[in-house]
Structure formats: structure tokens, C-alpha cells
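What follows is one structure encoded as C-alpha cells, with my remarks underneath.
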Amino acid sequence: MHSFLTVIGSLATLSSITLAAPLKARQDDPQCIDGLKKIFMPEMHNIHIYEDVPEFPSTSTILNVMNGSSSNSVQDQVAVWSNIPSTATQCSLGWAVTEDRSFSVYDNGLIRFFELSGVPPAGTNITAETIAPFMEEGAKNASIDFTFWAEQTGAHTHGGGLVDCKSEMAFYLTKDMVSGGPGSVTLEQNAQNGLFLAIDC
Ligand SMILES: *[C@@H]1O[C@H](CO)[C@@H](O)[C@H](O)[C@H]1NC(C)=O
Ligand SMILES: *[C@@H]1O[C@H](CO)[C@@H](O)[C@H](O)[C@H]1NC(C)=O
Ligand SMILES: *[C@@H]1O[C@H](CO)[C@@H](O)[C@H](O)[C@H]1NC(C)=O
């Protein structure tokens with residue numbers, strides 16, 4: 001069974017990845033640290049659900065989720081990790097920034113993540129319409145609260161419990177307007193900054 005829900009509470013509060021029994025890092029893999037390889041830079045697809053504006057597919061390296069007070073400041077996203085090795089036995093979701101980052105949060109930074117049950121076939125534009133079949137009723141959800149973290153200088157890493165490993169993993173990100181409120185999160189992602197999937201290595 002999925003253990004995604006156990007991640008939920010811890011993502012917002014833990015300040016470091018906690019996993020049982022860290023394995024020894026493999027010498028030949030520079031990304032493998034303390035038995036974990038962090039896969040940064042998921043494919044980010046922008047989803048626009050404006051009332052009267054047609055959706056246009058677009059991808060980005062930037063984590064940018066917002067819902068302000070006007071319709072032109074609303075954006076959801078889908079984050080996709082592909083090619084997760086079948087040898088991965090433990091996977092967990094987290095985020096990190098180094099000192100050298102471009103990161104801003106306006107007002108509230110609570111983002112909710114819904115686990116998609118799959119990913120549209122390659123070559124399909126990722127839009128609200130094409131992901132609808134994968135957005136199941138009662139989908140598992142998690143939240144990450146970015147509020148106030150942009151002002152914290154220096155590197156910090158946030159992680160939590162385990163998620164089920166699948167060869168492709170996709171999450172729908174939206175501004176949480178119920179527990180959070182209006183606001184936006186913008187974080188430029190690269191090899192060391194942004195969302196990551198940590199896998200056993
Ligand atoms: C933005 O927030 C409003 C007010 O809570 C909500 O009705 C709307 O569905 C939200 N839009 C998106 C795309 O999340
Ligand atoms: C994907 O979106 C682009 C840009 O809007 C469009 O030109 C293209 O036809 C779309 N592809 C499919 C398979 O729908
Ligand atoms: C998130 O998951 C919890 C636990 O299953 C559920 O009670 C809650 O309604 C979900 N939240 C949303 C916004 O779907």
C-alpha cells in the first residue's frame with residue numbers, strides 16, 4: 001500500500017531527510033550520499049484553470065504555484081519524475097535549497113500535492129483535461145508549507161517519510177486556499193534546488 005499519507009505531516013516540519021537504516025554511499029556515484037540519491041528537476045507542467053481563458057500547455061523548470069486574488073495570478077502545476085530505476089526500493093519526496101538559489105514566497109506558501117494515479121502517454125500535452133483521468137476521487141494528498149522559508153538564508157533540506165516507488169511518479173500541485181490562503185511560491189529548480197525524489201542507492 002501507499003505510504004504517501006505518512007509523508008504529509010512530516011514534509012512541512014522536518015528539516016532533514018529521515019530514513020531508516022541509511023546505506024553506505026557507493027563510491028562510483030557522486031550523487032549518492034548516505035545511501036540516498038536525490039533526483040532533482042522533475043518536469044514541471046503549468047496548468048491554467050481560468051474561468052474564461054483557454055488553457056495552453058507549457059512546461060517549465062520553475063516550481064511556480066499561485067492563487068492570488070485575481071484570475072490572472074492563478075497557476076497549478078504537475079510535477080513528473082520519470083525513469084525511476086526499478087531497483088529503487090525506497091522513495092521519498094522532499095525539497096531543498098542551497099545558498100545560491102532564486103526563491104520567493106508571497107503571502108501564504110502552503111502548496112498541496114495530489115498524487116496522480118498515472119501519467120498521460122508520451123507526446124501528450126499535460127493539461128487539466130489530459131490529466132483528469134489520473135486525478136482520482138479521494139487522491140492521496142500531501143502538503144508542503146514554503147511560508148517564511150524563502151527568508152531563511154543558507155542551505156536547507158526538507159523531507160519526510162516514504163512514498164511507493166513507481167517508474168513514473170506524478171503529482172498535482174495547487175495553492176492550498178483552505179488551510180493556507182492566497183499567495184505564491186516561485187523556486188527556480190536545478191541540480192541542487194527545488195523538489196526532489198530521494199531514492200535508495
Ligand atoms: C483559487 O482560489 C479560489 C478561491 O479559493 C478557488 O475558487 C479556485 O478554485 C482556485 N483556483 C485554482 C486553480 O486552484
Ligand atoms: C500540444 O500543444 C501544442 C501547443 O499548444 C499544440 O500545438 C499541439 O498540437 C498539442 N499536441 C497535442 C498532441 O495535442
Ligand atoms: C487530503 O487527504 C485527507 C486524508 O485522506 C483527506 O481527509 C482530505 O480531504 C484530503 N484533502 C483534500 C484537499 O483533498
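Simple scheme: letters A, B, ... for chains in C-alpha cells order, numbers from 1 for residues in each chain, numbers from 1 for ligands in the order shown.
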
**OP:** Considering only C-alpha atoms, return as a count of residues only whatever protein or nucleic-acid residues lie within 8 Å of region 177-188 of chain A, sequence-local ones (same chain, fewer than 5 positions apart) excluded.
**Re:** 22

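Using only C-alpha atoms and all ligand atoms as the basis for the distance check, residues found within 8 Å of ligand 3 are Leu5, Arg112, Phe114, Gly138, Ala139, Lys140, Asn141, Ala142, Asp176 and Val178 of chain A.
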
**OP:** Give the strand (DSSP E) residues of region 63-131 of chain A, as assigned by DSSP on the backbone, as number ranges by chain.
**Re:** A: 63-67, 74-81, 91-97, 103-107, 110-115

Kindly work out which residues sit at most 12 Å from ligand 2, using only C-alpha atoms and all ligand atoms, and give the list as a tab-separated table (two decimals) with all heavy atoms, in the first residue's frame.
```tsv
chain	number	residue	atom	x	y	z
A	45	HIS	N	4.85	20.99	-15.41
A	45	HIS	CA	3.88	21.40	-16.44
A	45	HIS	C	2.93	22.40	-15.80
A	45	HIS	O	2.36	22.13	-14.74
A	45	HIS	CB	3.10	20.19	-16.94
A	45	HIS	CG	3.98	19.15	-17.55
A	45	HIS	ND1	4.33	19.15	-18.89
A	45	HIS	CD2	4.61	18.08	-17.01
A	45	HIS	CE1	5.12	18.12	-19.14
A	45	HIS	NE2	5.31	17.46	-18.02
A	54	PRO	N	-8.74	30.00	-22.48
A	54	PRO	CA	-8.42	28.62	-22.84
A	54	PRO	C	-7.05	28.22	-22.28
A	54	PRO	O	-6.15	29.05	-22.19
A	54	PRO	CB	-8.40	28.63	-24.36
A	54	PRO	CG	-8.43	30.04	-24.79
A	54	PRO	CD	-8.83	30.89	-23.62
A	55	GLU	N	-6.94	26.97	-21.95
A	55	GLU	CA	-5.69	26.50	-21.40
A	55	GLU	C	-4.66	26.35	-22.52
A	55	GLU	O	-4.97	25.95	-23.62
A	55	GLU	CB	-5.90	25.16	-20.72
A	55	GLU	CG	-4.71	24.76	-19.89
A	55	GLU	CD	-4.95	23.43	-19.18
A	55	GLU	OE1	-5.79	22.65	-19.62
A	55	GLU	OE2	-4.25	23.21	-18.19
A	56	PHE	N	-3.40	26.66	-22.22
A	56	PHE	CA	-2.33	26.43	-23.18
A	56	PHE	C	-1.25	25.61	-22.49
A	56	PHE	O	-0.85	25.92	-21.37
A	56	PHE	CB	-1.76	27.75	-23.71
A	56	PHE	CG	-1.33	28.70	-22.62
A	56	PHE	CD1	-0.01	28.71	-22.16
A	56	PHE	CD2	-2.23	29.59	-22.04
A	56	PHE	CE1	0.38	29.58	-21.15
A	56	PHE	CE2	-1.85	30.46	-21.02
A	56	PHE	CZ	-0.53	30.44	-20.58
A	57	PRO	N	-0.79	24.53	-23.13
A	57	PRO	CA	0.21	23.69	-22.47
A	57	PRO	C	1.57	24.38	-22.39
A	57	PRO	O	2.00	25.02	-23.36
A	57	PRO	CB	0.29	22.45	-23.37
A	57	PRO	CG	-0.32	22.84	-24.66
A	57	PRO	CD	-1.20	24.01	-24.43
A	58	SER	N	2.23	24.32	-21.26
A	58	SER	CA	3.58	24.87	-21.16
A	58	SER	C	4.34	24.15	-20.06
A	58	SER	O	3.75	23.72	-19.06
A	58	SER	CB	3.54	26.39	-20.89
A	58	SER	OG	2.88	26.66	-19.67
A	59	THR	N	5.62	23.98	-20.27
A	59	THR	CA	6.46	23.32	-19.29
A	59	THR	C	7.48	24.32	-18.77
A	59	THR	O	7.69	25.38	-19.35
A	59	THR	CB	7.20	22.11	-19.89
A	59	THR	OG1	7.97	22.57	-20.99
A	59	THR	CG2	6.23	21.04	-20.34
A	120	PRO	N	-0.11	10.80	-18.47
A	120	PRO	CA	-0.55	10.63	-19.86
A	120	PRO	C	0.60	10.09	-20.73
A	120	PRO	O	1.76	10.36	-20.42
A	120	PRO	CB	-0.94	12.04	-20.30
A	120	PRO	CG	-1.26	12.77	-19.02
A	120	PRO	CD	-0.33	12.17	-17.99
A	121	PRO	N	0.27	9.35	-21.81
A	121	PRO	CA	1.33	8.77	-22.64
A	121	PRO	C	2.26	9.83	-23.21
A	121	PRO	O	1.86	10.99	-23.39
A	121	PRO	CB	0.56	8.10	-23.78
A	121	PRO	CG	-0.87	8.13	-23.44
A	121	PRO	CD	-1.07	9.05	-22.28
A	122	ALA	N	3.50	9.45	-23.48
A	122	ALA	CA	4.49	10.37	-24.04
A	122	ALA	C	3.91	11.04	-25.28
A	122	ALA	O	3.21	10.40	-26.06
A	122	ALA	CB	5.76	9.61	-24.39
A	123	GLY	N	4.19	12.31	-25.46
A	123	GLY	CA	3.70	13.04	-26.63
A	123	GLY	C	2.38	13.73	-26.37
A	123	GLY	O	1.93	14.54	-27.17
A	124	THR	N	1.76	13.42	-25.25
A	124	THR	CA	0.50	14.08	-24.89
A	124	THR	C	0.83	15.36	-24.13
A	124	THR	O	1.67	15.33	-23.22
A	124	THR	CB	-0.33	13.17	-23.96
A	124	THR	OG1	-0.43	11.88	-24.53
A	124	THR	CG2	-1.71	13.74	-23.71
A	125	ASN	N	0.21	16.45	-24.49
A	125	ASN	CA	0.38	17.67	-23.68
A	125	ASN	C	-0.26	17.46	-22.32
A	125	ASN	O	-1.37	16.93	-22.23
A	125	ASN	CB	-0.30	18.86	-24.37
A	125	ASN	CG	0.45	19.31	-25.60
A	125	ASN	OD1	1.69	19.30	-25.62
A	125	ASN	ND2	-0.29	19.73	-26.63
A	126	ILE	N	0.43	17.90	-21.30
A	126	ILE	CA	-0.14	17.77	-19.96
A	126	ILE	C	-0.99	19.01	-19.68
A	126	ILE	O	-0.47	20.12	-19.59
A	126	ILE	CB	0.98	17.61	-18.92
A	126	ILE	CG1	1.85	16.40	-19.30
A	126	ILE	CG2	0.40	17.54	-17.51
A	126	ILE	CD1	1.97	15.29	-18.34
A	127	THR	N	-2.28	18.78	-19.63
A	127	THR	CA	-3.23	19.85	-19.35
A	127	THR	C	-4.24	19.33	-18.33
A	127	THR	O	-4.26	18.13	-18.05
A	127	THR	CB	-4.00	20.25	-20.63
A	127	THR	OG1	-4.75	19.11	-21.06
A	127	THR	CG2	-3.07	20.69	-21.75
A	129	GLU	N	-7.18	18.77	-18.82
A	129	GLU	CA	-8.02	17.77	-19.49
A	129	GLU	C	-7.32	16.41	-19.58
A	129	GLU	O	-7.91	15.38	-19.30
A	129	GLU	CB	-8.35	18.29	-20.89
A	129	GLU	CG	-9.45	17.55	-21.57
A	129	GLU	CD	-9.74	18.11	-22.97
A	129	GLU	OE1	-8.95	18.95	-23.47
A	129	GLU	OE2	-10.75	17.69	-23.54
A	130	THR	N	-6.02	16.42	-19.97
A	130	THR	CA	-5.35	15.13	-20.18
A	130	THR	C	-4.98	14.43	-18.87
A	130	THR	O	-4.79	13.22	-18.86
A	130	THR	CB	-4.10	15.25	-21.08
A	130	THR	OG1	-3.14	16.10	-20.43
A	130	THR	CG2	-4.45	15.82	-22.44
```

Subject >> Residues within 7 Å of Ala88 (chain A), only C-alpha atoms, excluding chain neighbours under 2 positions, as JSON, numbers by chain >> reply: {"A": [85, 86, 90, 165, 199, 200]}

Could the residues in this selection be written to a file with N, CA, C and O atoms, as a PDB file, in the first residue's frame?
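Wrote it out as part.pdb, contents follow:
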```pdb
ATOM      1  N   PRO A  85      14.569   4.117 -11.423  1.00  0.00           N
ATOM      2  CA  PRO A  85      15.095   2.760 -11.629  1.00  0.00           C
ATOM      3  C   PRO A  85      14.248   1.714 -10.913  1.00  0.00           C
ATOM      4  O   PRO A  85      13.762   1.951  -9.798  1.00  0.00           O
ATOM      5  N   SER A  86      14.075   0.570 -11.563  1.00  0.00           N
ATOM      6  CA  SER A  86      13.256  -0.490 -10.956  1.00  0.00           C
ATOM      7  C   SER A  86      13.952  -1.059  -9.727  1.00  0.00           C
ATOM      8  O   SER A  86      13.328  -1.742  -8.920  1.00  0.00           O
ATOM      9  N   GLN A  90      13.324   2.282  -1.963  1.00  0.00           N
ATOM     10  CA  GLN A  90      12.713   3.272  -1.076  1.00  0.00           C
ATOM     11  C   GLN A  90      12.706   4.611  -1.806  1.00  0.00           C
ATOM     12  O   GLN A  90      13.722   5.007  -2.380  1.00  0.00           O
ATOM     13  N   CYS A 165       7.582   3.466  -4.664  1.00  0.00           N
ATOM     14  CA  CYS A 165       8.404   3.693  -5.856  1.00  0.00           C
ATOM     15  C   CYS A 165       7.647   3.183  -7.076  1.00  0.00           C
ATOM     16  O   CYS A 165       7.136   2.064  -7.073  1.00  0.00           O
ATOM     17  N   ILE A 199      15.884   8.470  -3.650  1.00  0.00           N
ATOM     18  CA  ILE A 199      15.762   7.015  -3.790  1.00  0.00           C
ATOM     19  C   ILE A 199      16.981   6.338  -3.186  1.00  0.00           C
ATOM     20  O   ILE A 199      18.067   6.893  -3.129  1.00  0.00           O
ATOM     21  N   ASP A 200      16.739   5.134  -2.746  1.00  0.00           N
ATOM     22  CA  ASP A 200      17.775   4.293  -2.183  1.00  0.00           C
ATOM     23  C   ASP A 200      18.838   4.027  -3.233  1.00  0.00           C
ATOM     24  O   ASP A 200      18.503   3.767  -4.381  1.00  0.00           O
TER      25      ASP A 200
END
```

Can you list every residue of chain A that has an atom at most 6 Å from ligand 1, with its nearest atom pair and the distance in Å to one decimal, using only C-alpha atoms and all ligand atoms, ordered by chain then number, as CSV?
```
residue,atom,partner,partner_atom_place_in_ligand_line,distance
A:Ile49,CA,ligand 1,13 (C),5.1
A:Asn67,CA,ligand 1,1 (C),4.9
A:Val74,CA,ligand 1,13 (C),5.6
A:Gln75,CA,ligand 1,13 (C),5.8
A:Asp76,CA,ligand 1,13 (C),5.8
A:Thr174,CA,ligand 1,14 (O),5.6
A:Lys175,CA,ligand 1,14 (O),5.9
A:Met177,CA,ligand 1,5 (O),5.0
```

Residue subset to file, keeping N, CA and C atoms, as a compact mmCIF listing (two decimals), in the first residue's frame:
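File written: out.txt
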```
# COMPACT_ATOMS: atom_id res chain seq x y z
N ILE A 49 -6.27 27.06 -14.98
CA ILE A 49 -7.72 26.84 -14.97
C ILE A 49 -8.40 28.17 -14.74
N ASN A 67 -2.12 31.29 -6.35
CA ASN A 67 -3.53 31.64 -6.46
C ASN A 67 -3.70 32.92 -5.63
N VAL A 74 -3.29 32.89 -11.16
CA VAL A 74 -3.58 31.53 -10.71
C VAL A 74 -2.80 30.55 -11.57
N GLN A 75 -2.04 29.69 -10.94
CA GLN A 75 -1.38 28.63 -11.68
C GLN A 75 -1.22 27.40 -10.79
N ASP A 76 -1.63 26.27 -11.33
CA ASP A 76 -1.34 24.98 -10.72
C ASP A 76 -0.23 24.35 -11.55
N THR A 174 -1.15 22.46 -6.15
CA THR A 174 -2.07 23.60 -6.18
C THR A 174 -1.95 24.40 -4.89
N LYS A 175 -2.20 25.67 -5.01
CA LYS A 175 -2.18 26.52 -3.82
C LYS A 175 -3.29 26.08 -2.89
N MET A 177 -5.95 26.82 -0.62
CA MET A 177 -6.72 28.02 -0.25
C MET A 177 -7.52 27.79 1.02
```

**OP:** Can you work out the spacing between CA of Thr87 (chain A) and CA of Asp34 (chain A) in Å, to one decimal?
**Re:** 17.0 Å

**OP:** Excluding region 80-82 of chain A and any residue of its chain fewer than 6 positions from it, enumerate the residues within 7 Å of it, using only C-alpha atoms, and give them as a PyMOL selection string.
**Re:** chain A and resi 42-44+167-171

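Every residue of region 86-192 of chain A found in alpha helix (DSSP H) when DSSP is run on the backbone appears here: Ala128, Glu129, Thr130 and Ile131 of chain A.
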
Residues from last step as file, all heavy atoms, as a CSV table (one decimal), in the first residue's frame:
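For reference, part14.csv as written:
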```
chain,number,residue,atom,x,y,z
A,128,ALA,N,-5.1,20.2,-17.9
A,128,ALA,CA,-6.1,19.8,-16.9
A,128,ALA,C,-6.9,18.6,-17.5
A,128,ALA,O,-7.3,17.7,-16.8
A,128,ALA,CB,-7.0,21.0,-16.5
A,129,GLU,N,-7.2,18.8,-18.8
A,129,GLU,CA,-8.0,17.8,-19.5
A,129,GLU,C,-7.3,16.4,-19.6
A,129,GLU,O,-7.9,15.4,-19.3
A,129,GLU,CB,-8.3,18.3,-20.9
A,129,GLU,CG,-9.5,17.5,-21.6
A,129,GLU,CD,-9.7,18.1,-23.0
A,129,GLU,OE1,-9.0,19.0,-23.5
A,129,GLU,OE2,-10.7,17.7,-23.5
A,130,THR,N,-6.0,16.4,-20.0
A,130,THR,CA,-5.4,15.1,-20.2
A,130,THR,C,-5.0,14.4,-18.9
A,130,THR,O,-4.8,13.2,-18.9
A,130,THR,CB,-4.1,15.3,-21.1
A,130,THR,OG1,-3.1,16.1,-20.4
A,130,THR,CG2,-4.4,15.8,-22.4
A,131,ILE,N,-4.9,15.2,-17.8
A,131,ILE,CA,-4.6,14.5,-16.5
A,131,ILE,C,-5.8,14.1,-15.8
A,131,ILE,O,-5.7,13.4,-14.8
A,131,ILE,CB,-3.7,15.4,-15.6
A,131,ILE,CG1,-4.3,16.7,-15.3
A,131,ILE,CG2,-2.3,15.5,-16.2
A,131,ILE,CD1,-3.8,17.3,-14.0
```

**OP:** Have a look at CA of Glu137 (chain A) and CA of Ile84 (chain A) and let me know their distance in Å, one decimal.
**Re:**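 Pair CA of Glu137 (chain A) / CA of Ile84 (chain A) returns 25.5 Å.
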
**OP:** Skip Leu195 (chain A) itself and residues of its chain fewer than 5 positions away, then list as a list in words all residues within 7 Å of it, counting only C-alpha atoms.
**Re:** Phe40, Met41, Gly94, Trp95 and Ala96 of chain A

**OP:** Do a neighbour search on Ile39 (chain A) at 7 Å with only C-alpha atoms, toss out local chain neighbours closer than 2 positions, and write the hits as a ChimeraX atom specification.
**Re:** /A:37,41,196-198
